[in-house]
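K.L.:
As input, take data_26.txt (compact mmCIF, C-alpha atoms):
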```txt
# COMPACT_ATOMS: atom_id res chain seq x y z
CA MET Q 35 17.48 18.74 1.23
CA LYS Q 36 15.37 20.55 -1.34
CA PRO Q 37 11.80 19.15 -1.31
CA ILE Q 38 10.57 17.49 -4.52
CA ILE Q 39 7.37 15.71 -5.47
CA VAL Q 40 6.53 13.80 -8.65
CA ILE Q 41 3.02 12.62 -9.62
CA HIS Q 42 1.65 10.24 -12.24
CA GLY Q 43 -1.93 9.71 -13.37
CA GLY Q 44 -1.43 6.32 -15.01
CA ALA Q 45 0.38 4.95 -18.06
CA TRP Q 46 -2.06 4.06 -20.84
CA ALA Q 47 -3.61 5.41 -24.04
CA ILE Q 48 -5.44 8.44 -22.66
CA PRO Q 49 -8.52 9.35 -24.74
CA GLU Q 50 -8.75 12.93 -25.91
CA ARG Q 51 -11.74 13.61 -23.67
CA LEU Q 52 -9.57 12.93 -20.59
CA VAL Q 53 -6.30 14.60 -21.60
CA GLU Q 54 -7.03 18.07 -20.25
CA GLY Q 55 -8.51 16.73 -17.02
CA SER Q 56 -5.59 14.35 -16.53
CA MET Q 57 -3.02 17.11 -16.92
CA THR Q 58 -4.98 19.49 -14.68
CA GLY Q 59 -5.25 16.79 -12.02
CA VAL Q 60 -1.59 15.79 -11.87
CA LYS Q 61 -0.46 19.43 -11.86
CA ARG Q 62 -2.85 20.24 -9.01
CA ALA Q 63 -1.64 17.24 -7.01
CA ALA Q 64 2.00 18.28 -7.57
CA ARG Q 65 1.35 21.87 -6.49
CA GLU Q 66 -0.58 20.93 -3.35
CA GLY Q 67 1.81 18.16 -2.38
CA PHE Q 68 4.76 20.52 -2.83
CA ALA Q 69 3.05 23.23 -0.75
CA LEU Q 70 2.88 20.74 2.12
CA LEU Q 71 6.57 19.90 1.73
CA GLU Q 72 7.48 23.60 1.73
CA SER Q 73 5.51 24.06 4.94
CA GLY Q 74 7.62 21.37 6.63
CA ALA Q 75 5.35 18.36 6.16
CA SER Q 76 6.84 14.91 5.77
CA ALA Q 77 7.20 13.05 2.49
CA VAL Q 78 4.57 10.58 3.72
CA ASP Q 79 2.12 13.45 4.34
CA ALA Q 80 2.79 14.86 0.89
CA VAL Q 81 2.32 11.66 -1.11
CA GLU Q 82 -0.84 10.77 0.79
CA ALA Q 83 -2.32 14.22 0.19
CA ALA Q 84 -1.37 14.20 -3.49
CA VAL Q 85 -2.87 10.77 -4.11
CA ARG Q 86 -6.04 11.74 -2.23
CA ILE Q 87 -6.49 14.61 -4.70
CA LEU Q 88 -6.33 12.14 -7.58
CA GLU Q 89 -8.64 9.67 -5.80
CA ASP Q 90 -11.20 12.45 -5.43
CA ASP Q 91 -11.01 13.29 -9.16
CA PRO Q 92 -13.26 11.08 -11.36
CA VAL Q 93 -10.86 11.52 -14.28
CA PHE Q 94 -8.53 8.94 -12.70
CA ASP Q 95 -9.00 5.22 -12.05
CA ALA Q 96 -8.70 5.45 -8.27
CA GLY Q 97 -11.28 6.20 -5.63
CA HIS Q 98 -14.02 8.23 -7.32
CA GLY Q 99 -12.95 7.25 -10.84
CA ALA Q 100 -12.74 3.50 -10.23
CA VAL Q 101 -13.81 0.95 -12.82
CA LEU Q 102 -16.06 -2.08 -12.31
CA ASN Q 103 -15.06 -5.72 -11.90
CA ALA Q 104 -16.80 -8.66 -13.59
CA ASP Q 105 -19.66 -8.53 -11.07
CA GLY Q 106 -20.16 -4.80 -11.50
CA ASP Q 107 -18.56 -3.95 -8.14
CA VAL Q 108 -15.68 -1.68 -7.17
CA GLU Q 109 -12.56 -3.25 -5.64
CA LEU Q 110 -9.77 -0.83 -4.74
CA ASP Q 111 -6.05 -1.30 -4.02
CA ALA Q 112 -3.49 1.11 -2.55
CA ILE Q 113 -0.04 1.25 -0.94
CA ILE Q 114 2.05 3.78 0.95
CA MET Q 115 5.65 3.37 2.14
CA ASP Q 116 7.96 5.39 4.38
CA GLY Q 117 11.56 5.32 3.17
CA LYS Q 118 12.94 6.31 6.57
CA THR Q 119 11.78 3.19 8.41
CA LEU Q 120 10.66 0.93 5.52
CA ALA Q 121 7.23 0.89 7.16
CA ALA Q 122 4.48 0.18 4.66
CA GLY Q 123 0.72 -0.18 4.56
CA ALA Q 124 -1.47 -1.61 1.83
CA ILE Q 125 -5.06 -2.58 1.18
CA CYS Q 126 -6.51 -4.67 -1.62
CA CYS Q 127 -10.01 -5.57 -2.83
CA VAL Q 128 -11.53 -3.02 -0.47
CA LYS Q 129 -15.01 -1.85 -1.42
CA ASN Q 130 -16.68 1.54 -1.35
CA VAL Q 131 -13.98 3.64 0.32
CA SER Q 132 -13.33 7.14 -1.01
CA ASN Q 133 -9.62 7.34 -0.22
CA PRO Q 134 -7.88 3.95 -0.19
CA VAL Q 135 -4.46 5.57 0.28
CA THR Q 136 -5.51 6.93 3.67
CA LEU Q 137 -6.77 3.51 4.72
CA ALA Q 138 -3.42 2.05 3.60
CA ARG Q 139 -1.61 4.61 5.77
CA SER Q 140 -3.77 3.59 8.72
CA VAL Q 141 -2.73 -0.02 8.19
CA MET Q 142 0.90 1.15 8.28
CA GLU Q 143 0.54 3.28 11.39
CA LYS Q 144 -2.23 1.63 13.43
CA THR Q 145 -1.70 -2.12 12.97
CA ASP Q 146 1.12 -4.63 13.20
CA HIS Q 147 0.43 -5.70 9.62
CA VAL Q 148 1.44 -4.51 6.16
CA MET Q 149 -1.59 -5.50 4.07
CA LEU Q 150 -5.31 -6.02 4.71
CA SER Q 151 -7.67 -7.39 2.07
CA GLY Q 152 -11.34 -7.55 1.22
CA ALA Q 153 -13.82 -7.77 4.06
CA GLY Q 154 -11.07 -7.42 6.65
CA ALA Q 155 -9.93 -4.15 5.14
CA ASN Q 156 -13.51 -2.88 5.13
CA GLN Q 157 -13.98 -3.96 8.76
CA PHE Q 158 -10.82 -2.08 9.69
CA ALA Q 159 -12.07 1.01 7.84
CA ALA Q 160 -15.36 0.82 9.77
CA SER Q 161 -13.46 0.53 13.07
CA LEU Q 162 -11.74 3.81 12.24
CA GLY Q 163 -15.03 5.52 11.48
CA ILE Q 164 -14.36 5.67 7.75
CA GLU Q 165 -17.75 5.74 6.08
CA GLU Q 166 -18.56 3.55 3.11
CA VAL Q 167 -19.78 5.36 0.02
CA SER Q 168 -22.07 3.97 -2.64
CA THR Q 169 -20.78 2.37 -5.82
CA GLU Q 170 -22.78 5.00 -7.71
CA GLU Q 171 -20.70 7.73 -6.08
CA LEU Q 172 -17.40 6.12 -7.06
CA VAL Q 173 -18.16 5.06 -10.64
CA THR Q 174 -18.74 7.36 -13.58
CA GLN Q 175 -21.33 6.76 -16.27
CA HIS Q 176 -18.54 6.23 -18.79
CA ALA Q 177 -17.04 3.50 -16.59
CA ARG Q 178 -20.41 1.76 -16.56
CA GLU Q 179 -20.59 1.96 -20.33
CA GLU Q 180 -17.09 0.50 -20.62
CA TRP Q 181 -18.05 -2.32 -18.26
CA GLY Q 182 -20.82 -3.32 -20.62
CA GLN Q 183 -18.66 -2.94 -23.71
CA TYR Q 184 -15.28 -4.49 -22.90
CA LYS Q 185 -14.17 -7.81 -21.56
CA TYR Q 186 -11.09 -7.92 -19.30
CA SER Q 187 -9.06 -9.52 -22.10
CA ASP Q 188 -9.99 -6.64 -24.40
CA ALA Q 189 -8.74 -4.11 -21.86
CA VAL Q 190 -5.26 -5.62 -21.69
CA SER Q 191 -4.90 -7.29 -25.11
CA ASN Q 192 -2.94 -4.36 -26.48
CA LEU Q 193 -0.95 -3.88 -23.27
CA PHE Q 194 -2.53 -0.64 -22.18
CA ASN Q 195 -2.40 0.89 -25.66
CA MET Q 196 -6.15 1.11 -25.98
CA GLU Q 197 -8.52 3.56 -24.35
CA ALA Q 198 -10.40 0.93 -22.33
CA ALA Q 199 -7.43 0.29 -20.06
CA HIS Q 200 -7.58 2.83 -17.24
CA ASP Q 201 -4.77 2.71 -14.73
CA THR Q 202 -3.26 3.77 -11.43
CA VAL Q 203 -2.24 7.05 -9.82
CA GLY Q 204 0.84 7.61 -7.70
CA ALA Q 205 3.29 9.98 -6.04
CA VAL Q 206 6.87 9.99 -4.80
CA ALA Q 207 8.46 12.70 -2.68
CA ILE Q 208 11.53 13.74 -0.74
CA ASP Q 209 11.13 16.18 2.14
CA ALA Q 210 13.38 18.79 3.72
CA GLU Q 211 14.83 16.16 6.07
CA GLY Q 212 15.82 13.95 3.15
CA ASN Q 213 13.12 11.37 3.89
CA LEU Q 214 11.50 9.59 0.96
CA ALA Q 215 8.01 8.15 0.47
CA CYS Q 216 5.81 6.64 -2.21
CA ALA Q 217 2.09 6.04 -2.64
CA THR Q 218 0.07 4.31 -5.36
CA SER Q 219 -3.68 3.76 -5.73
CA THR Q 220 -5.94 2.08 -8.31
CA GLY Q 221 -9.41 0.89 -9.17
CA GLY Q 222 -8.00 -1.86 -11.38
CA ILE Q 223 -8.96 -2.88 -14.90
CA THR Q 224 -12.48 -2.97 -16.34
CA ASN Q 225 -14.15 -6.37 -15.97
CA LYS Q 226 -11.29 -7.85 -13.91
CA MET Q 227 -12.11 -11.08 -12.10
CA VAL Q 228 -13.63 -10.66 -8.66
CA GLY Q 229 -10.78 -10.70 -6.16
CA ARG Q 230 -8.09 -9.89 -8.74
CA VAL Q 231 -5.16 -8.00 -7.22
CA GLY Q 232 -2.62 -6.30 -9.43
CA ASP Q 233 0.74 -4.79 -8.63
CA THR Q 234 -0.41 -1.65 -6.82
CA PRO Q 235 -0.60 -2.87 -3.19
CA VAL Q 236 2.40 -5.20 -3.42
CA ILE Q 237 5.65 -3.85 -1.94
CA GLY Q 238 8.37 -3.84 -4.57
CA SER Q 239 5.88 -3.98 -7.44
CA GLY Q 240 3.46 -1.05 -7.14
CA GLY Q 241 5.88 1.02 -5.11
CA TYR Q 242 8.97 1.10 -2.96
CA ALA Q 243 10.76 3.70 -0.84
CA ASP Q 244 14.13 3.51 0.90
CA ASN Q 245 15.99 6.57 2.18
CA GLN Q 246 19.28 4.91 1.27
CA VAL Q 247 18.39 4.67 -2.44
CA GLY Q 248 15.17 6.24 -3.69
CA ALA Q 249 11.41 6.04 -4.06
CA VAL Q 250 9.34 4.61 -6.92
CA SER Q 251 5.65 4.46 -7.87
CA THR Q 252 4.78 2.29 -10.87
CA THR Q 253 1.90 2.09 -13.32
CA GLY Q 254 0.89 -0.18 -16.18
CA HIS Q 255 -0.17 -3.78 -16.68
CA GLY Q 256 -0.30 -5.13 -13.14
CA GLU Q 257 0.43 -8.77 -13.88
CA SER Q 258 3.54 -7.82 -15.87
CA ILE Q 259 4.75 -5.49 -13.12
CA LEU Q 260 4.27 -8.23 -10.52
CA LYS Q 261 6.31 -10.72 -12.54
CA VAL Q 262 9.40 -8.47 -12.61
CA THR Q 263 8.79 -6.64 -9.27
CA LEU Q 264 9.21 -3.41 -11.22
CA ALA Q 265 9.61 -0.90 -8.38
CA ARG Q 266 12.26 -2.95 -6.60
CA LEU Q 267 14.00 -3.68 -9.92
CA ILE Q 268 14.38 0.05 -10.50
CA ILE Q 269 15.76 0.45 -6.98
CA TYR Q 270 18.19 -2.42 -7.66
CA HIS Q 271 19.58 -0.70 -10.75
CA MET Q 272 19.99 2.50 -8.70
CA GLU Q 273 21.85 0.52 -6.05
CA GLN Q 274 24.21 -0.56 -8.82
CA GLY Q 275 24.92 3.08 -9.66
CA ALA Q 276 22.36 3.88 -12.36
CA SER Q 277 20.60 7.25 -12.37
CA PRO Q 278 16.82 7.22 -11.84
CA GLY Q 279 16.26 7.72 -15.57
CA LYS Q 280 18.58 4.93 -16.65
CA ALA Q 281 17.31 2.62 -13.92
CA ALA Q 282 13.70 3.13 -14.99
CA ASP Q 283 14.57 2.68 -18.67
CA LYS Q 284 16.43 -0.58 -17.99
CA ALA Q 285 13.67 -2.00 -15.81
CA LEU Q 286 10.87 -1.05 -18.20
CA LEU Q 287 12.81 -2.50 -21.15
CA HIS Q 288 13.35 -5.73 -19.21
CA MET Q 289 9.62 -5.96 -18.48
CA GLN Q 290 8.80 -5.39 -22.14
CA GLU Q 291 11.32 -7.95 -23.39
CA ARG Q 292 10.80 -10.59 -20.70
CA VAL Q 293 7.00 -10.60 -20.25
CA ALA Q 294 5.77 -8.30 -23.06
CA GLY Q 295 4.46 -5.78 -20.52
CA CYS Q 296 4.17 -2.02 -20.86
CA GLY Q 297 4.03 0.53 -18.07
CA GLY Q 298 5.67 3.50 -16.44
CA ALA Q 299 7.32 4.77 -13.27
CA ILE Q 300 8.13 7.95 -11.40
CA VAL Q 301 11.35 7.90 -9.39
CA ILE Q 302 13.28 10.12 -6.95
CA SER Q 303 16.77 9.27 -5.73
CA ALA Q 304 18.12 9.93 -2.24
CA GLN Q 305 20.15 12.75 -3.80
CA GLY Q 306 17.05 14.44 -5.22
CA GLU Q 307 17.36 13.40 -8.86
CA TRP Q 308 14.01 12.44 -10.39
CA THR Q 309 12.45 11.06 -13.56
CA ALA Q 310 9.14 10.06 -15.17
CA LYS Q 311 9.42 7.22 -17.70
CA PHE Q 312 6.91 5.06 -19.59
CA THR Q 313 6.59 2.60 -22.48
CA THR Q 314 2.84 3.04 -23.07
CA LYS Q 315 1.36 5.55 -25.50
CA GLN Q 316 1.06 8.22 -22.82
CA MET Q 317 1.43 8.97 -19.11
CA ALA Q 318 0.22 12.15 -17.44
CA TRP Q 319 2.85 13.31 -14.96
CA ALA Q 320 3.91 16.44 -13.10
CA SER Q 321 6.64 17.47 -10.68
CA MET Q 322 7.44 20.39 -8.39
CA GLU Q 323 10.99 21.27 -7.41
CA GLY Q 324 12.16 24.62 -6.10
CA GLY Q 325 8.79 26.09 -6.96
CA THR Q 326 9.11 25.08 -10.63
CA LEU Q 327 6.37 22.98 -12.18
CA CYS Q 328 7.30 20.44 -14.87
CA TYR Q 329 4.84 18.19 -16.64
CA GLY Q 330 4.35 15.96 -19.66
CA LEU Q 331 2.06 13.54 -21.44
CA ASN Q 332 3.70 12.06 -24.56
CA PRO Q 333 7.05 10.24 -24.87
CA GLY Q 334 10.05 12.55 -24.69
CA GLU Q 335 8.05 15.60 -23.67
CA LYS Q 336 8.83 17.88 -20.74
CA TYR Q 337 7.06 21.19 -20.27
CA THR Q 338 8.51 23.71 -17.86
CA GLU Q 339 6.55 26.90 -17.28
CA GLY Q 340 5.01 26.67 -20.73
CA THR Q 341 8.15 25.80 -22.67
CA ILE Q 342 8.50 22.35 -24.25
CA THR Q 343 11.84 20.60 -24.49
CA LYS Q 344 12.71 17.20 -25.97
```
Please rewrite the model in this file as structure tokens.

P.N.:
Amino acid sequence: MKPIIVIHGGAWAIPERLVEGSMTGVKRAAREGFALLESGASAVDAVEAAVRILEDDPVFDAGHGAVLNADGDVELDAIIMDGKTLAAGAICCVKNVSNPVTLARSVMEKTDHVMLSGAGANQFAASLGIEEVSTEELVTQHAREEWGQYKYSDAVSNLFNMEAAHDTVGAVAIDAEGNLACATSTGGITNKMVGRVGDTPVIGSGGYADNQVGAVSTTGHGESILKVTLARLIIYHMEQGASPGKAADKALLHMQERVAGCGGAIVISAQGEWTAKFTTKQMAWASMEGGTLCYGLNPGEKYTEGTITK
């Protein structure tokens, strides 16, 4: 199988000041994740590494770019899933961890559980020797300003079509052995209620991977995604014979019509066909396949080695 990786940096209305950084970040994550795949690494290794890059980049709402909840704290969610075995690991409402996706992988590989939350997730991180970092290290000055300016209802009132609504990051990959994986990570929505958990860490909503069908990482309004189990809905349409692009389009349209929710998804099929789809104003995405980098930002755009096609 020819290795492929696809990355997203969140589906929302990306302000001009973050456009260049968003595109640079997703392209870097795609290149480095693909380099791992080319060297023989697993799909799980590749998606974890790619998401870690985005978590370390303050441009994105994950890890070091996280937003603040109603109490002015950081609460992080993440998921990772192995399509070969259907093993999964997730964490939610974890505080002050630099790379939630790596903690989620540890839940998958080092416990008998699928998800750990809150204080328990932090205790598990401490047992692994993962150091806590300060809130100041994880949150940008702009995020603090947004926290003081916007209420949670403001951040979602226009369904992620306003610049206050930061979002998730994610990756899907297929490796040389034909194994699939997904990973998704988020810092949530500005001024969310303490303890609020969105779609990201929930299997079938924030992500899903199954070697028999495909892998998906979603992004957008978490409550809407949860209501339609967006990732698994896309997989369902693929099981019925739809291509990744048509499956994502159908599922996103259903979410928009049924619960008035906007979002996006990146998808790879077991045959190596991939797509990046969204119903928000923008979504920064990038892919690497056969050494070729593709990327886009606005609806209908696809850049390949500097050439735009529609």

K.L.:
Need to verify the contact set: region 167-169 of chain Q, 10 Å, only C-alpha atoms, exclusion of same-chain residues closer than 3 positions in sequence. Can you return it as a short mmCIF file (atom, residue, chain, number, x, y, z; two decimals) with C-alpha atoms, keeping the file's coordinate frame?

P.N.:
```
data_model
loop_
_atom_site.label_atom_id
_atom_site.label_comp_id
_atom_site.auth_asym_id
_atom_site.auth_seq_id
_atom_site.Cartn_x
_atom_site.Cartn_y
_atom_site.Cartn_z
CA HIS Q 98 -14.02 8.23 -7.32
CA ALA Q 100 -12.74 3.50 -10.23
CA VAL Q 101 -13.81 0.95 -12.82
CA LEU Q 102 -16.06 -2.08 -12.31
CA GLY Q 106 -20.16 -4.80 -11.50
CA ASP Q 107 -18.56 -3.95 -8.14
CA VAL Q 108 -15.68 -1.68 -7.17
CA GLU Q 109 -12.56 -3.25 -5.64
CA LYS Q 129 -15.01 -1.85 -1.42
CA ASN Q 130 -16.68 1.54 -1.35
CA VAL Q 131 -13.98 3.64 0.32
CA SER Q 132 -13.33 7.14 -1.01
CA ILE Q 164 -14.36 5.67 7.75
CA LEU Q 172 -17.40 6.12 -7.06
CA VAL Q 173 -18.16 5.06 -10.64
CA THR Q 174 -18.74 7.36 -13.58
#
```

K.L.:
Which one is closest to Val40 (chain Q): Q:Gly123, Q:Gly256, Q:Gly163, Q:Gly204? Count all atoms listed in the file.

P.N.:
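Counting all atoms listed in the file, the residue closest to Val40 (chain Q) is Q:Gly204.
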
K.L.:
Could you give me, as CSV, every region 43-132 of chain Q residue with an atom at most 12 Å from region 288-297 of chain Q, plus its closest atom pair and distance in Å to one decimal, counting all atoms listed in the file, rows ordered by chain then number?

P.N.:
```
residue,atom,partner,partner_atom,distance
Q:Gly43,CA,Q:Gly297,CA,11.9
Q:Gly44,CA,Q:Gly297,CA,8.5
Q:Ala45,CA,Q:Gly297,CA,5.7
Q:Trp46,CA,Q:Gly297,CA,7.6
Q:Ala47,CA,Q:Gly297,CA,10.9
```

K.L.:
Region 204-258 of chain Q near region 315-326 of chain Q within 12 Å: what's each residue's closest atom pair and its distance in Å to one decimal, counting only C-alpha atoms, ordered by chain then ascending residue number, as JSON lines?

P.N.:
```
{"residue": "Q:Gly204", "atom": "CA", "partner": "Q:Trp319", "partner_atom": "CA", "distance": 9.4}
{"residue": "Q:Ala205", "atom": "CA", "partner": "Q:Ser321", "partner_atom": "CA", "distance": 9.4}
{"residue": "Q:Val206", "atom": "CA", "partner": "Q:Ser321", "partner_atom": "CA", "distance": 9.5}
{"residue": "Q:Ala207", "atom": "CA", "partner": "Q:Ser321", "partner_atom": "CA", "distance": 9.5}
{"residue": "Q:Ile208", "atom": "CA", "partner": "Q:Glu323", "partner_atom": "CA", "distance": 10.1}
{"residue": "Q:Asp209", "atom": "CA", "partner": "Q:Glu323", "partner_atom": "CA", "distance": 10.8}
{"residue": "Q:Ala210", "atom": "CA", "partner": "Q:Gly324", "partner_atom": "CA", "distance": 11.5}
{"residue": "Q:Ser251", "atom": "CA", "partner": "Q:Trp319", "partner_atom": "CA", "distance": 11.7}
{"residue": "Q:Thr252", "atom": "CA", "partner": "Q:Met317", "partner_atom": "CA", "distance": 11.1}
{"residue": "Q:Thr253", "atom": "CA", "partner": "Q:Met317", "partner_atom": "CA", "distance": 9.0}
{"residue": "Q:Gly254", "atom": "CA", "partner": "Q:Met317", "partner_atom": "CA", "distance": 9.6}
```

K.L.:
Just to confirm, what's the straight-line distance from CA of Ala96 (chain Q) to CA of Gly221 (chain Q) in Å (one decimal)?

P.N.:
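Separating CA of Ala96 (chain Q) from CA of Gly221 (chain Q) is a distance of 4.7 Å.
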
K.L.:
Missing atoms in region 38-48 of chain Q: fill them in up to all heavy atoms and send the result as a PDB file, in the coordinates of the input.

P.N.:
```pdb
ATOM      1  N   ILE Q  38      10.997  17.798  -3.152  1.00  0.00           N
ATOM      2  CA  ILE Q  38      10.570  17.490  -4.520  1.00  0.00           C
ATOM      3  C   ILE Q  38       9.394  16.528  -4.433  1.00  0.00           C
ATOM      4  O   ILE Q  38       9.363  15.636  -3.582  1.00  0.00           O
ATOM      5  CB  ILE Q  38      11.688  16.814  -5.338  1.00  0.00           C
ATOM      6  CG1 ILE Q  38      12.957  17.663  -5.345  1.00  0.00           C
ATOM      7  CG2 ILE Q  38      11.229  16.548  -6.773  1.00  0.00           C
ATOM      8  CD1 ILE Q  38      14.182  16.912  -5.867  1.00  0.00           C
ATOM      9  N   ILE Q  39       8.446  16.676  -5.336  1.00  0.00           N
ATOM     10  CA  ILE Q  39       7.370  15.710  -5.470  1.00  0.00           C
ATOM     11  C   ILE Q  39       7.135  15.440  -6.953  1.00  0.00           C
ATOM     12  O   ILE Q  39       7.256  16.353  -7.781  1.00  0.00           O
ATOM     13  CB  ILE Q  39       6.067  16.188  -4.789  1.00  0.00           C
ATOM     14  CG1 ILE Q  39       5.059  15.042  -4.699  1.00  0.00           C
ATOM     15  CG2 ILE Q  39       5.481  17.414  -5.478  1.00  0.00           C
ATOM     16  CD1 ILE Q  39       3.899  15.301  -3.748  1.00  0.00           C
ATOM     17  N   VAL Q  40       6.853  14.192  -7.279  1.00  0.00           N
ATOM     18  CA  VAL Q  40       6.530  13.800  -8.650  1.00  0.00           C
ATOM     19  C   VAL Q  40       5.246  12.982  -8.615  1.00  0.00           C
ATOM     20  O   VAL Q  40       5.066  12.132  -7.730  1.00  0.00           O
ATOM     21  CB  VAL Q  40       7.662  12.981  -9.305  1.00  0.00           C
ATOM     22  CG1 VAL Q  40       7.372  12.786 -10.798  1.00  0.00           C
ATOM     23  CG2 VAL Q  40       9.016  13.640  -9.105  1.00  0.00           C
ATOM     24  N   ILE Q  41       4.356  13.221  -9.580  1.00  0.00           N
ATOM     25  CA  ILE Q  41       3.020  12.620  -9.620  1.00  0.00           C
ATOM     26  C   ILE Q  41       2.830  11.911 -10.960  1.00  0.00           C
ATOM     27  O   ILE Q  41       3.285  12.396 -11.999  1.00  0.00           O
ATOM     28  CB  ILE Q  41       1.925  13.704  -9.510  1.00  0.00           C
ATOM     29  CG1 ILE Q  41       2.188  14.644  -8.325  1.00  0.00           C
ATOM     30  CG2 ILE Q  41       0.540  13.079  -9.446  1.00  0.00           C
ATOM     31  CD1 ILE Q  41       2.110  14.001  -6.979  1.00  0.00           C
ATOM     32  N   HIS Q  42       2.125  10.790 -10.966  1.00  0.00           N
ATOM     33  CA  HIS Q  42       1.650  10.240 -12.240  1.00  0.00           C
ATOM     34  C   HIS Q  42       0.155   9.930 -12.144  1.00  0.00           C
ATOM     35  O   HIS Q  42      -0.380   9.678 -11.062  1.00  0.00           O
ATOM     36  CB  HIS Q  42       2.421   8.973 -12.648  1.00  0.00           C
ATOM     37  CG  HIS Q  42       2.098   7.737 -11.864  1.00  0.00           C
ATOM     38  ND1 HIS Q  42       0.923   7.028 -12.026  1.00  0.00           N
ATOM     39  CD2 HIS Q  42       2.801   7.051 -10.916  1.00  0.00           C
ATOM     40  CE1 HIS Q  42       0.917   5.983 -11.224  1.00  0.00           C
ATOM     41  NE2 HIS Q  42       2.032   5.965 -10.523  1.00  0.00           N
ATOM     42  N   GLY Q  43      -0.500   9.988 -13.306  1.00  0.00           N
ATOM     43  CA  GLY Q  43      -1.930   9.710 -13.370  1.00  0.00           C
ATOM     44  C   GLY Q  43      -2.244   8.443 -14.132  1.00  0.00           C
ATOM     45  O   GLY Q  43      -3.390   8.234 -14.539  1.00  0.00           O
ATOM     46  N   GLY Q  44      -1.219   7.588 -14.338  1.00  0.00           N
ATOM     47  CA  GLY Q  44      -1.430   6.320 -15.010  1.00  0.00           C
ATOM     48  C   GLY Q  44      -0.829   6.285 -16.397  1.00  0.00           C
ATOM     49  O   GLY Q  44      -0.885   7.261 -17.144  1.00  0.00           O
ATOM     50  N   ALA Q  45      -0.221   5.151 -16.742  1.00  0.00           N
ATOM     51  CA  ALA Q  45       0.380   4.950 -18.060  1.00  0.00           C
ATOM     52  C   ALA Q  45      -0.566   4.121 -18.914  1.00  0.00           C
ATOM     53  O   ALA Q  45      -0.774   2.942 -18.644  1.00  0.00           O
ATOM     54  CB  ALA Q  45       1.737   4.256 -17.928  1.00  0.00           C
ATOM     55  N   TRP Q  46      -1.136   4.754 -19.941  1.00  0.00           N
ATOM     56  CA  TRP Q  46      -2.060   4.060 -20.840  1.00  0.00           C
ATOM     57  C   TRP Q  46      -2.311   4.942 -22.051  1.00  0.00           C
ATOM     58  O   TRP Q  46      -1.603   5.930 -22.255  1.00  0.00           O
ATOM     59  CB  TRP Q  46      -3.355   3.682 -20.124  1.00  0.00           C
ATOM     60  CG  TRP Q  46      -4.148   4.810 -19.514  1.00  0.00           C
ATOM     61  CD1 TRP Q  46      -3.714   5.718 -18.588  1.00  0.00           C
ATOM     62  CD2 TRP Q  46      -5.519   5.139 -19.769  1.00  0.00           C
ATOM     63  NE1 TRP Q  46      -4.732   6.578 -18.246  1.00  0.00           N
ATOM     64  CE2 TRP Q  46      -5.840   6.247 -18.953  1.00  0.00           C
ATOM     65  CE3 TRP Q  46      -6.502   4.603 -20.579  1.00  0.00           C
ATOM     66  CZ2 TRP Q  46      -7.119   6.830 -18.950  1.00  0.00           C
ATOM     67  CZ3 TRP Q  46      -7.763   5.174 -20.570  1.00  0.00           C
ATOM     68  CH2 TRP Q  46      -8.066   6.274 -19.755  1.00  0.00           C
ATOM     69  N   ALA Q  47      -3.248   4.575 -22.899  1.00  0.00           N
ATOM     70  CA  ALA Q  47      -3.610   5.410 -24.040  1.00  0.00           C
ATOM     71  C   ALA Q  47      -4.761   6.307 -23.612  1.00  0.00           C
ATOM     72  O   ALA Q  47      -5.914   5.897 -23.590  1.00  0.00           O
ATOM     73  CB  ALA Q  47      -4.020   4.550 -25.229  1.00  0.00           C
ATOM     74  N   ILE Q  48      -4.449   7.539 -23.238  1.00  0.00           N
ATOM     75  CA  ILE Q  48      -5.440   8.440 -22.660  1.00  0.00           C
ATOM     76  C   ILE Q  48      -6.327   9.018 -23.761  1.00  0.00           C
ATOM     77  O   ILE Q  48      -5.831   9.667 -24.675  1.00  0.00           O
ATOM     78  CB  ILE Q  48      -4.753   9.571 -21.879  1.00  0.00           C
ATOM     79  CG1 ILE Q  48      -3.833   8.988 -20.800  1.00  0.00           C
ATOM     80  CG2 ILE Q  48      -5.789  10.504 -21.249  1.00  0.00           C
ATOM     81  CD1 ILE Q  48      -2.972  10.019 -20.091  1.00  0.00           C
TER      82      ILE Q  48
END
```
